[in-house]
Amino acid sequence: MKKIIRSYLRISLLLKITIALILGIIAGLMLGEQAAILAPLGDLLIRLLTFLILPLIFFTLIVGVNQTTLGDLGRMGIKVFVYYTVSSALAIVVGLIVASIFEPGTGMHLTGSEKVDVPENPGIGSVLLNIVPSNIITAFTEMNLLGIIFTALVFGIAFSAMRANPTLSELGDIAMKIVTALNEASLLILRAILQYIPIGIFAIMANTVGSQGMDTLVSLGGMIGVFYIALLFHIVFYIVIMSLFKVPLHDFFKYARTPIATAFVTQSSTGTLPLTLEAAEKLNISKSLYSFSLPLGATVNMDGAAIRIAVSAVFAANISGNPLSLSDMLMVVLIGTLSSIGTAGVPGAGIIMIATVFVQLGLPMEAVALLTAIDALVGMGATALNVAGDLVGTSVIDQHEKRRRRNLHEPL
């Protein structure tokens, strides 16, 4: 048994995940709906990753704040917000262009019998208000990432101020030693959880394929195909912008592929966050940057979801017999970008975003029900791109910051 465990540990995590994906697909096709028996193994993976989200975000962000100045933190925060907003808008444009070329849904017609219950859109105002939690404990128990980020920032700044105060410096140093130790303990637990990831991915993949089956994939294959083509085009954008900012592409994909693959299977940007943070550390990105940009990105930066909105809008317009006009497409870009932020961290966020755009454009809500049939298949690619986008944006901003610091130290 010990030899088997040692052999398993020696195999690279990527190879184990790849094998797990393939075996999961095979098991799902063979077992069909009976693959649901494996679901608890997949649920365990989600629980293990979710278990670490709070300590990793909270402790990592406090440590990161104390490794930089408030001025640098504010400047990087503005860059992160601008990048996430522009990237999401561009993702919608890419989705609209690709969908307009391939025209998914052409030839299909709604029966008018499909219905779907769409959760209420909380709106941007509510999301912004949730940044400041009314109760710290509630922010943690309800997994309010924006509230947790705010809390960590406040305490991080407070500890920094204590360390700079001669009368409180000793207490500040003690507090930071405790937080740093807890952060290292969280990372140690993460390294142990990493070894279970292939098993969980196998179970999730088998259950997903078994429950979705091939009928759904074939009947709505055009929509799915166009969506993934749009994702590939946006990945090209990522490669171009990383090349422009001289982000080492080999290193990026070497370390980013594990969180991206995990996000693809689990369909959870938040659940994958521990792996995304670890990838950023391996990429030598500044902790003061990634400790808040990645948790924030997991909440508000949704490039994959933005492409999903665009392709879904074109699909719904085509099956209703009313193709989108140029003004409609501009409306999709505007509303879709705002919706991707306004539904941050809300259960059923994908459905809410799509429904919000459909209502504004007068598209049939029955199409939302049709799209939920392929929710898992589309959600996989969307989530993977969401996580990739978070890491790309963080890497690009990190390189820009490093270039800025080099220029400041160059002789005039």
# chains A, B, ... in the order shown; residues from 1 in each chain; ligands from 1
>>> residues_around(residues="range 272-285 of chain A", least_positions_apart="3", cutoff="8 Å", atoms="only C-alpha atoms", output="mmCIF file with N, CA and C atoms, in the first residue's frame")
data_model
loop_
_atom_site.group_PDB
_atom_site.id
_atom_site.type_symbol
_atom_site.label_atom_id
_atom_site.label_comp_id
_atom_site.auth_asym_id
_atom_site.auth_seq_id
_atom_site.Cartn_x
_atom_site.Cartn_y
_atom_site.Cartn_z
ATOM 1 N N LEU A 49 -12.250 22.080 -0.887
ATOM 2 C CA LEU A 49 -11.757 23.349 -1.441
ATOM 3 C C LEU A 49 -12.476 24.533 -0.791
ATOM 4 N N LEU A 52 -11.266 25.665 2.603
ATOM 5 C CA LEU A 52 -10.048 26.483 2.702
ATOM 6 C C LEU A 52 -10.206 27.900 2.184
ATOM 7 N N ILE A 53 -11.324 28.187 1.534
ATOM 8 C CA ILE A 53 -11.477 29.506 0.908
ATOM 9 C C ILE A 53 -11.345 30.637 1.918
ATOM 10 N N LEU A 56 -7.777 31.112 3.537
ATOM 11 C CA LEU A 56 -6.803 31.537 2.524
ATOM 12 C C LEU A 56 -7.012 32.996 2.135
ATOM 13 N N LEU A 190 -3.648 22.865 2.005
ATOM 14 C CA LEU A 190 -3.965 22.879 0.580
ATOM 15 C C LEU A 190 -3.129 21.853 -0.174
ATOM 16 N N ASP A 251 5.565 29.518 -18.383
ATOM 17 C CA ASP A 251 5.359 29.429 -16.932
ATOM 18 C C ASP A 251 3.894 29.624 -16.581
ATOM 19 N N PHE A 252 3.228 30.566 -17.271
ATOM 20 C CA PHE A 252 1.824 30.845 -16.969
ATOM 21 C C PHE A 252 0.978 29.599 -17.155
ATOM 22 N N TYR A 255 1.580 26.609 -14.619
ATOM 23 C CA TYR A 255 0.996 26.688 -13.276
ATOM 24 C C TYR A 255 -0.505 26.985 -13.281
ATOM 25 N N ALA A 256 -0.990 27.610 -14.359
ATOM 26 C CA ALA A 256 -2.414 27.971 -14.406
ATOM 27 C C ALA A 256 -3.296 26.799 -14.824
ATOM 28 N N THR A 258 -3.671 23.773 -13.759
ATOM 29 C CA THR A 258 -4.355 23.002 -12.709
ATOM 30 C C THR A 258 -5.626 23.700 -12.215
ATOM 31 N N PRO A 259 -5.575 24.991 -11.822
ATOM 32 C CA PRO A 259 -6.830 25.633 -11.419
ATOM 33 C C PRO A 259 -7.835 25.753 -12.567
ATOM 34 N N THR A 262 -9.454 22.327 -12.976
ATOM 35 C CA THR A 262 -10.337 22.081 -11.833
ATOM 36 C C THR A 262 -11.608 22.918 -11.941
ATOM 37 N N ALA A 263 -11.467 24.169 -12.360
ATOM 38 C CA ALA A 263 -12.633 25.040 -12.545
ATOM 39 C C ALA A 263 -13.552 24.484 -13.621
ATOM 40 N N THR A 266 -15.389 21.450 -11.857
ATOM 41 C CA THR A 266 -16.216 21.788 -10.689
ATOM 42 C C THR A 266 -17.234 22.880 -10.976
ATOM 43 N N SER A 268 -16.885 26.010 -10.532
ATOM 44 C CA SER A 268 -16.906 26.938 -9.402
ATOM 45 C C SER A 268 -15.619 27.757 -9.364
ATOM 46 N N SER A 269 -15.735 29.049 -9.703
ATOM 47 C CA SER A 269 -14.576 29.943 -9.608
ATOM 48 C C SER A 269 -14.168 30.119 -8.159
ATOM 49 N N LEU A 289 -0.669 41.935 -4.467
ATOM 50 C CA LEU A 289 -1.582 42.083 -5.599
ATOM 51 C C LEU A 289 -2.562 40.919 -5.668
ATOM 52 N N TYR A 290 -2.042 39.688 -5.765
ATOM 53 C CA TYR A 290 -2.947 38.558 -6.002
ATOM 54 C C TYR A 290 -3.821 38.228 -4.798
ATOM 55 N N SER A 291 -3.419 38.668 -3.602
ATOM 56 C CA SER A 291 -4.213 38.342 -2.417
ATOM 57 C C SER A 291 -5.580 39.018 -2.437
ATOM 58 N N LEU A 294 -7.358 38.199 -6.990
ATOM 59 C CA LEU A 294 -7.948 36.902 -7.325
ATOM 60 C C LEU A 294 -9.269 36.648 -6.589
ATOM 61 N N PRO A 295 -9.357 36.907 -5.267
ATOM 62 C CA PRO A 295 -10.676 36.782 -4.626
ATOM 63 C C PRO A 295 -11.714 37.727 -5.234
ATOM 64 N N ALA A 298 -12.741 36.314 -8.628
ATOM 65 C CA ALA A 298 -13.643 35.167 -8.505
ATOM 66 C C ALA A 298 -15.071 35.612 -8.246
ATOM 67 N N VAL A 387 -11.651 31.753 -14.454
ATOM 68 C CA VAL A 387 -10.444 31.571 -13.649
ATOM 69 C C VAL A 387 -9.206 31.971 -14.438
ATOM 70 N N LEU A 391 -6.353 35.087 -13.547
ATOM 71 C CA LEU A 391 -4.897 34.915 -13.506
ATOM 72 C C LEU A 391 -4.193 35.754 -14.569
ATOM 73 N N THR A 394 -4.240 39.426 -13.364
ATOM 74 C CA THR A 394 -3.304 39.592 -12.250
ATOM 75 C C THR A 394 -1.864 39.548 -12.737
ATOM 76 N N SER A 395 -1.563 38.643 -13.676
ATOM 77 C CA SER A 395 -0.207 38.525 -14.222
ATOM 78 C C SER A 395 0.192 39.774 -14.995
ATOM 79 N N ASP A 398 0.719 42.659 -12.614
ATOM 80 C CA ASP A 398 1.971 42.433 -11.883
ATOM 81 C C ASP A 398 3.174 42.826 -12.726
#
>>> residues_around(residues="Phe358 in chain A", least_positions_apart="6", cutoff="12 Å", atoms="only C-alpha atoms", output="JSON list (two decimals) with N, CA, C and O atoms, in the first residue's frame")
[["chain", "number", "residue", "atom", "x", "y", "z"],
["A", 118, "VAL", "N", -36.59, 32.24, -12.68],
["A", 118, "VAL", "CA", -35.34, 33.00, -12.64],
["A", 118, "VAL", "C", -35.21, 33.71, -11.31],
["A", 118, "VAL", "O", -36.12, 34.46, -10.92],
["A", 309, "ILE", "N", -23.39, 35.08, -22.08],
["A", 309, "ILE", "CA", -24.50, 36.02, -22.26],
["A", 309, "ILE", "C", -24.67, 36.37, -23.73],
["A", 309, "ILE", "O", -25.77, 36.35, -24.28],
["A", 310, "ALA", "N", -23.54, 36.72, -24.38],
["A", 310, "ALA", "CA", -23.58, 37.15, -25.77],
["A", 310, "ALA", "C", -24.09, 36.05, -26.70],
["A", 310, "ALA", "O", -24.99, 36.27, -27.52],
["A", 311, "VAL", "N", -23.51, 34.86, -26.57],
["A", 311, "VAL", "CA", -23.90, 33.74, -27.44],
["A", 311, "VAL", "C", -25.35, 33.35, -27.18],
["A", 311, "VAL", "O", -26.11, 33.06, -28.11],
["A", 312, "SER", "N", -25.76, 33.36, -25.92],
["A", 312, "SER", "CA", -27.14, 33.01, -25.56],
["A", 312, "SER", "C", -28.13, 34.01, -26.14],
["A", 312, "SER", "O", -29.22, 33.63, -26.59],
["A", 313, "ALA", "N", -27.77, 35.29, -26.13],
["A", 313, "ALA", "CA", -28.65, 36.33, -26.68],
["A", 313, "ALA", "C", -28.85, 36.13, -28.19],
["A", 313, "ALA", "O", -29.98, 36.22, -28.69],
["A", 314, "VAL", "N", -27.77, 35.87, -28.89],
["A", 314, "VAL", "CA", -27.87, 35.64, -30.35],
["A", 314, "VAL", "C", -28.69, 34.37, -30.61],
["A", 314, "VAL", "O", -29.53, 34.33, -31.52],
["A", 315, "PHE", "N", -28.43, 33.33, -29.82],
["A", 315, "PHE", "CA", -29.16, 32.06, -29.96],
["A", 315, "PHE", "C", -30.66, 32.27, -29.76],
["A", 315, "PHE", "O", -31.48, 31.82, -30.57],
["A", 316, "ALA", "N", -31.04, 32.97, -28.69],
["A", 316, "ALA", "CA", -32.46, 33.21, -28.40],
["A", 316, "ALA", "C", -33.11, 34.06, -29.48],
["A", 316, "ALA", "O", -34.27, 33.82, -29.87],
["A", 317, "ALA", "N", -32.38, 35.06, -29.97],
["A", 317, "ALA", "CA", -32.92, 35.92, -31.03],
["A", 317, "ALA", "C", -33.17, 35.12, -32.31],
["A", 317, "ALA", "O", -34.19, 35.32, -32.99],
["A", 320, "SER", "N", -36.16, 32.74, -32.07],
["A", 320, "SER", "CA", -37.44, 33.47, -32.01],
["A", 320, "SER", "C", -37.75, 34.15, -33.34],
["A", 320, "SER", "O", -38.81, 34.75, -33.51],
["A", 324, "LEU", "N", -30.65, 39.87, -33.78],
["A", 324, "LEU", "CA", -30.27, 41.11, -33.10],
["A", 324, "LEU", "C", -29.79, 42.16, -34.08],
["A", 324, "LEU", "O", -29.03, 41.88, -35.01],
["A", 328, "ASP", "N", -29.19, 46.49, -30.68],
["A", 328, "ASP", "CA", -29.43, 45.42, -29.71],
["A", 328, "ASP", "C", -28.11, 44.88, -29.18],
["A", 328, "ASP", "O", -27.96, 44.61, -27.99],
["A", 329, "MET", "N", -27.13, 44.72, -30.08],
["A", 329, "MET", "CA", -25.83, 44.19, -29.68],
["A", 329, "MET", "C", -25.10, 45.15, -28.75],
["A", 329, "MET", "O", -24.45, 44.73, -27.79],
["A", 331, "MET", "N", -26.58, 47.12, -26.73],
["A", 331, "MET", "CA", -27.30, 46.99, -25.47],
["A", 331, "MET", "C", -26.83, 45.75, -24.71],
["A", 331, "MET", "O", -26.71, 45.76, -23.47],
["A", 332, "VAL", "N", -26.55, 44.67, -25.45],
["A", 332, "VAL", "CA", -26.05, 43.44, -24.83],
["A", 332, "VAL", "C", -24.71, 43.71, -24.14],
["A", 332, "VAL", "O", -24.47, 43.25, -23.02],
["A", 335, "ILE", "N", -25.53, 46.10, -20.93],
["A", 335, "ILE", "CA", -26.27, 45.41, -19.86],
["A", 335, "ILE", "C", -25.51, 44.19, -19.38],
["A", 335, "ILE", "O", -25.46, 43.89, -18.18],
["A", 336, "GLY", "N", -24.89, 43.46, -20.32],
["A", 336, "GLY", "CA", -24.15, 42.26, -19.95],
["A", 336, "GLY", "C", -22.97, 42.55, -19.04],
["A", 336, "GLY", "O", -22.72, 41.82, -18.07],
["A", 339, "SER", "N", -24.42, 43.46, -15.67],
["A", 339, "SER", "CA", -25.03, 42.30, -15.05],
["A", 339, "SER", "C", -23.98, 41.35, -14.48],
["A", 339, "SER", "O", -24.19, 40.72, -13.44],
["A", 351, "ILE", "N", -27.92, 32.15, -14.89],
["A", 351, "ILE", "CA", -29.31, 32.29, -15.33],
["A", 351, "ILE", "C", -29.79, 33.72, -15.12],
["A", 351, "ILE", "O", -30.49, 34.29, -15.97],
["A", 352, "ILE", "N", -29.40, 34.33, -13.99],
["A", 352, "ILE", "CA", -29.81, 35.71, -13.71],
["A", 352, "ILE", "C", -29.28, 36.66, -14.78],
["A", 352, "ILE", "O", -30.01, 37.51, -15.29],
["A", 364, "PRO", "N", -37.46, 36.01, -25.76],
["A", 364, "PRO", "CA", -38.37, 35.08, -25.06],
["A", 364, "PRO", "C", -37.72, 34.39, -23.87],
["A", 364, "PRO", "O", -36.63, 33.82, -23.99],
["A", 365, "MET", "N", -38.38, 34.45, -22.73],
["A", 365, "MET", "CA", -37.85, 33.82, -21.53],
["A", 365, "MET", "C", -37.85, 32.29, -21.64],
["A", 365, "MET", "O", -37.14, 31.61, -20.92],
["A", 366, "GLU", "N", -38.68, 31.76, -22.56],
["A", 366, "GLU", "CA", -38.69, 30.32, -22.76],
["A", 366, "GLU", "C", -37.32, 29.81, -23.21],
["A", 366, "GLU", "O", -36.95, 28.66, -22.95],
["A", 367, "ALA", "N", -36.56, 30.69, -23.87],
["A", 367, "ALA", "CA", -35.22, 30.29, -24.34],
["A", 367, "ALA", "C", -34.28, 30.04, -23.17],
["A", 367, "ALA", "O", -33.35, 29.24, -23.26],
["A", 368, "VAL", "N", -34.53, 30.73, -22.04],
["A", 368, "VAL", "CA", -33.69, 30.52, -20.85],
["A", 368, "VAL", "C", -33.85, 29.08, -20.38],
["A", 368, "VAL", "O", -32.88, 28.42, -20.01]]
>>> residues_around(residues="Gln267 in chain A", least_positions_apart="3", cutoff="7 Å", atoms="only C-alpha atoms", output="ChimeraX atom specification")
/A:263-264,379-380,383
>>> write_last_selection(atoms="N, CA and C atoms", output="PDB file, in the first residue's frame")
ATOM      1  N   ALA A 263     -11.467  24.169 -12.360  1.00  0.00           N
ATOM      2  CA  ALA A 263     -12.633  25.040 -12.545  1.00  0.00           C
ATOM      3  C   ALA A 263     -13.552  24.484 -13.621  1.00  0.00           C
ATOM      4  N   PHE A 264     -12.963  23.914 -14.680  1.00  0.00           N
ATOM      5  CA  PHE A 264     -13.742  23.338 -15.774  1.00  0.00           C
ATOM      6  C   PHE A 264     -14.653  22.226 -15.261  1.00  0.00           C
ATOM      7  N   GLY A 379     -21.444  25.802 -18.634  1.00  0.00           N
ATOM      8  CA  GLY A 379     -20.875  26.330 -17.396  1.00  0.00           C
ATOM      9  C   GLY A 379     -19.440  25.890 -17.169  1.00  0.00           C
ATOM     10  N   MET A 380     -19.096  24.702 -17.620  1.00  0.00           N
ATOM     11  CA  MET A 380     -17.722  24.208 -17.471  1.00  0.00           C
ATOM     12  C   MET A 380     -16.726  25.139 -18.170  1.00  0.00           C
ATOM     13  N   THR A 383     -16.648  28.777 -16.608  1.00  0.00           N
ATOM     14  CA  THR A 383     -15.917  28.873 -15.336  1.00  0.00           C
ATOM     15  C   THR A 383     -14.416  28.777 -15.554  1.00  0.00           C
TER      16      THR A 383
END
>>> residues_around(residues="range 179-189 of chain A", least_positions_apart="5", cutoff="8 Å", atoms="only C-alpha atoms", output="PyMOL selection string")
chain A and resi 52+55-56+59-60+62-63
>>> select_by_dssp(residues="range 217-382 of chain A", states="alpha helix (DSSP H)", output="short mmCIF file (atom, residue, chain, number, x, y, z; two decimals) with C-alpha atoms, in the first residue's frame")
data_model
loop_
_atom_site.label_atom_id
_atom_site.label_comp_id
_atom_site.auth_asym_id
_atom_site.auth_seq_id
_atom_site.Cartn_x
_atom_site.Cartn_y
_atom_site.Cartn_z
CA LEU A 217 -25.23 17.57 -26.36
CA VAL A 218 -26.37 16.64 -29.87
CA SER A 219 -29.67 18.57 -29.84
CA GLY A 221 -24.58 21.05 -30.17
CA GLY A 222 -24.52 24.15 -32.40
CA MET A 223 -24.97 26.51 -29.47
CA ILE A 224 -22.32 24.67 -27.44
CA GLY A 225 -19.88 24.59 -30.36
CA VAL A 226 -20.20 28.33 -31.06
CA PHE A 227 -19.74 29.06 -27.36
CA TYR A 228 -16.47 27.12 -27.17
CA ILE A 229 -15.19 28.70 -30.40
CA ALA A 230 -15.77 32.11 -28.79
CA LEU A 231 -13.85 30.94 -25.71
CA LEU A 232 -10.90 29.98 -27.91
CA PHE A 233 -10.90 33.43 -29.54
CA HIS A 234 -10.83 35.07 -26.12
CA ILE A 235 -7.93 32.84 -25.09
CA VAL A 236 -6.07 34.22 -28.12
CA PHE A 237 -6.71 37.70 -26.69
CA TYR A 238 -5.21 36.54 -23.39
CA ILE A 239 -2.11 35.25 -25.16
CA VAL A 240 -1.71 38.50 -27.10
CA ILE A 241 -2.03 40.77 -24.04
CA MET A 242 0.31 38.58 -21.99
CA SER A 243 2.85 38.70 -24.81
CA LEU A 244 2.58 42.49 -24.97
CA LEU A 249 3.63 32.16 -21.39
CA HIS A 250 5.30 28.81 -20.66
CA ASP A 251 5.36 29.43 -16.93
CA PHE A 252 1.82 30.84 -16.97
CA PHE A 253 0.23 27.81 -18.59
CA LYS A 254 2.42 25.45 -16.57
CA TYR A 255 1.00 26.69 -13.28
CA ALA A 256 -2.41 27.97 -14.41
CA ARG A 257 -3.54 24.72 -16.02
CA THR A 258 -4.35 23.00 -12.71
CA PRO A 259 -6.83 25.63 -11.42
CA ILE A 260 -8.26 26.04 -14.93
CA ALA A 261 -8.85 22.29 -15.32
CA THR A 262 -10.34 22.08 -11.83
CA ALA A 263 -12.63 25.04 -12.54
CA PHE A 264 -13.74 23.34 -15.77
CA VAL A 265 -14.90 20.24 -13.91
CA THR A 266 -16.22 21.79 -10.69
CA LEU A 273 -9.80 29.89 -5.52
CA PRO A 274 -7.32 28.03 -3.26
CA LEU A 275 -5.68 26.52 -6.36
CA THR A 276 -5.70 29.88 -8.18
CA LEU A 277 -3.93 31.55 -5.25
CA GLU A 278 -1.33 28.78 -5.23
CA ALA A 279 -0.74 29.20 -8.97
CA ALA A 280 -0.19 32.95 -8.49
CA GLU A 281 2.39 32.24 -5.81
CA LYS A 282 4.24 29.82 -8.10
CA LYS A 287 1.25 38.65 -2.82
CA SER A 288 0.02 42.18 -2.14
CA LEU A 289 -1.58 42.08 -5.60
CA TYR A 290 -2.95 38.56 -6.00
CA SER A 291 -4.21 38.34 -2.42
CA PHE A 292 -7.05 40.75 -3.31
CA SER A 293 -7.21 40.64 -7.14
CA LEU A 294 -7.95 36.90 -7.33
CA PRO A 295 -10.68 36.78 -4.63
CA LEU A 296 -12.20 39.89 -6.19
CA GLY A 297 -11.94 38.36 -9.66
CA ALA A 298 -13.64 35.17 -8.50
CA THR A 299 -16.55 37.38 -7.48
CA VAL A 300 -16.87 40.03 -10.19
CA ASP A 303 -15.24 36.67 -18.94
CA GLY A 304 -16.64 33.19 -19.57
CA ALA A 305 -20.05 34.19 -18.26
CA ALA A 306 -19.92 37.35 -20.41
CA ILE A 307 -19.34 35.28 -23.56
CA ARG A 308 -22.17 33.01 -22.45
CA ILE A 309 -24.50 36.02 -22.26
CA ALA A 310 -23.58 37.15 -25.77
CA VAL A 311 -23.90 33.74 -27.44
CA SER A 312 -27.14 33.01 -25.56
CA ALA A 313 -28.65 36.33 -26.68
CA VAL A 314 -27.87 35.64 -30.35
CA PHE A 315 -29.16 32.06 -29.96
CA ALA A 316 -32.46 33.21 -28.40
CA ALA A 317 -32.92 35.92 -31.03
CA ASN A 318 -32.38 33.43 -33.86
CA ILE A 319 -34.79 30.78 -32.54
CA LEU A 326 -26.56 46.57 -34.09
CA SER A 327 -28.28 48.65 -31.40
CA ASP A 328 -29.43 45.42 -29.71
CA MET A 329 -25.83 44.19 -29.68
CA LEU A 330 -24.60 47.42 -28.13
CA MET A 331 -27.30 46.99 -25.47
CA VAL A 332 -26.05 43.44 -24.83
CA VAL A 333 -22.52 44.78 -24.25
CA LEU A 334 -23.73 47.46 -21.82
CA ILE A 335 -26.27 45.41 -19.86
CA GLY A 336 -24.15 42.26 -19.95
CA THR A 337 -21.12 44.02 -18.49
CA LEU A 338 -23.18 45.57 -15.68
CA SER A 339 -25.03 42.30 -15.05
CA SER A 340 -21.81 40.32 -14.72
CA ILE A 341 -20.91 42.59 -11.79
CA GLY A 342 -24.43 43.03 -10.44
CA ALA A 349 -25.77 33.86 -11.40
CA GLY A 350 -25.54 32.56 -14.98
CA ILE A 351 -29.31 32.29 -15.33
CA ILE A 352 -29.81 35.71 -13.71
CA MET A 353 -27.39 37.41 -16.10
CA ILE A 354 -28.94 35.80 -19.18
CA ALA A 355 -32.49 36.54 -18.01
CA THR A 356 -31.60 40.17 -17.24
CA VAL A 357 -30.33 40.72 -20.79
CA PHE A 358 -33.29 38.86 -22.30
CA VAL A 359 -35.79 41.04 -20.43
CA GLN A 360 -34.11 44.26 -21.58
CA LEU A 361 -34.05 43.10 -25.20
CA GLU A 366 -38.69 30.32 -22.76
CA ALA A 367 -35.22 30.29 -24.34
CA VAL A 368 -33.69 30.52 -20.85
CA ALA A 369 -35.33 27.20 -19.99
CA LEU A 370 -33.93 25.68 -23.17
CA LEU A 371 -30.45 26.91 -22.27
CA THR A 372 -30.63 25.40 -18.78
CA ASP A 375 -26.13 24.62 -18.32
CA ALA A 376 -23.47 22.19 -17.05
CA LEU A 377 -21.77 21.76 -20.44
CA VAL A 378 -21.60 25.51 -21.03
CA GLY A 379 -20.87 26.33 -17.40
CA MET A 380 -17.72 24.21 -17.47
CA GLY A 381 -16.08 26.28 -20.21
CA ALA A 382 -17.36 29.57 -18.78
#
>>> closest_residue(among="A:Pro198, A:Gly24, A:Gly95, A:Gly393", to="Val247 in chain A", atoms="only C-alpha atoms")
A:Gly393
>>> closest_residue(among="A:Ser87, A:Thr167, A:Asn135, A:Thr18", to="Ile197 in chain A", atoms="only C-alpha atoms")
A:Thr18
>>> closest_atom_pairs(of="range 140-224 of chain A", to="range 69-80 of chain A", cutoff="12 Å", atoms="only C-alpha atoms", output="CSV")
residue,atom,partner,partner_atom,distance
A:Leu153,CA,A:Leu73,CA,10.1
A:Val154,CA,A:Leu70,CA,11.5
A:Gly156,CA,A:Leu70,CA,10.5
A:Ile157,CA,A:Leu70,CA,8.0
A:Ala158,CA,A:Leu70,CA,11.4
A:Ser160,CA,A:Thr69,CA,9.1
A:Ala161,CA,A:Leu70,CA,10.4
A:Ala164,CA,A:Thr69,CA,11.6
>>> decode(residues="range 31-45 of chain A", atoms="N, CA and C atoms", output="PDB file, in the first residue's frame")
ATOM      1  N   LEU A  31     -21.949   4.220 -17.413  1.00  0.00           N
ATOM      2  CA  LEU A  31     -22.888   4.075 -16.305  1.00  0.00           C
ATOM      3  C   LEU A  31     -24.189   4.843 -16.500  1.00  0.00           C
ATOM      4  N   GLY A  32     -24.136   5.911 -17.297  1.00  0.00           N
ATOM      5  CA  GLY A  32     -25.332   6.724 -17.473  1.00  0.00           C
ATOM      6  C   GLY A  32     -25.752   7.376 -16.165  1.00  0.00           C
ATOM      7  N   GLU A  33     -27.044   7.373 -15.884  1.00  0.00           N
ATOM      8  CA  GLU A  33     -27.545   8.012 -14.666  1.00  0.00           C
ATOM      9  C   GLU A  33     -27.074   7.300 -13.398  1.00  0.00           C
ATOM     10  N   GLN A  34     -26.627   6.062 -13.535  1.00  0.00           N
ATOM     11  CA  GLN A  34     -26.114   5.338 -12.374  1.00  0.00           C
ATOM     12  C   GLN A  34     -24.798   5.930 -11.868  1.00  0.00           C
ATOM     13  N   ALA A  35     -24.165   6.779 -12.690  1.00  0.00           N
ATOM     14  CA  ALA A  35     -22.918   7.434 -12.263  1.00  0.00           C
ATOM     15  C   ALA A  35     -23.155   8.360 -11.080  1.00  0.00           C
ATOM     16  N   ALA A  36     -24.427   8.637 -10.784  1.00  0.00           N
ATOM     17  CA  ALA A  36     -24.755   9.497  -9.641  1.00  0.00           C
ATOM     18  C   ALA A  36     -24.256   8.905  -8.328  1.00  0.00           C
ATOM     19  N   ILE A  37     -23.986   7.589  -8.335  1.00  0.00           N
ATOM     20  CA  ILE A  37     -23.479   6.953  -7.121  1.00  0.00           C
ATOM     21  C   ILE A  37     -22.102   7.493  -6.733  1.00  0.00           C
ATOM     22  N   LEU A  38     -21.400   8.077  -7.727  1.00  0.00           N
ATOM     23  CA  LEU A  38     -20.064   8.639  -7.480  1.00  0.00           C
ATOM     24  C   LEU A  38     -20.128  10.088  -6.997  1.00  0.00           C
ATOM     25  N   ALA A  39     -21.315  10.676  -7.012  1.00  0.00           N
ATOM     26  CA  ALA A  39     -21.463  12.095  -6.680  1.00  0.00           C
ATOM     27  C   ALA A  39     -20.861  12.488  -5.330  1.00  0.00           C
ATOM     28  N   PRO A  40     -21.007  11.660  -4.276  1.00  0.00           N
ATOM     29  CA  PRO A  40     -20.429  12.059  -2.981  1.00  0.00           C
ATOM     30  C   PRO A  40     -18.917  12.310  -3.034  1.00  0.00           C
ATOM     31  N   LEU A  41     -18.201  11.563  -3.877  1.00  0.00           N
ATOM     32  CA  LEU A  41     -16.757  11.776  -4.000  1.00  0.00           C
ATOM     33  C   LEU A  41     -16.471  13.152  -4.598  1.00  0.00           C
ATOM     34  N   GLY A  42     -17.298  13.577  -5.546  1.00  0.00           N
ATOM     35  CA  GLY A  42     -17.147  14.907  -6.115  1.00  0.00           C
ATOM     36  C   GLY A  42     -17.546  15.992  -5.143  1.00  0.00           C
ATOM     37  N   ASP A  43     -18.629  15.740  -4.408  1.00  0.00           N
ATOM     38  CA  ASP A  43     -19.074  16.709  -3.397  1.00  0.00           C
ATOM     39  C   ASP A  43     -17.995  16.917  -2.336  1.00  0.00           C
ATOM     40  N   LEU A  44     -17.278  15.844  -2.011  1.00  0.00           N
ATOM     41  CA  LEU A  44     -16.212  15.949  -1.012  1.00  0.00           C
ATOM     42  C   LEU A  44     -15.114  16.889  -1.485  1.00  0.00           C
ATOM     43  N   LEU A  45     -14.777  16.822  -2.787  1.00  0.00           N
ATOM     44  CA  LEU A  45     -13.753  17.725  -3.321  1.00  0.00           C
ATOM     45  C   LEU A  45     -14.197  19.180  -3.180  1.00  0.00           C
TER      46      LEU A  45
END
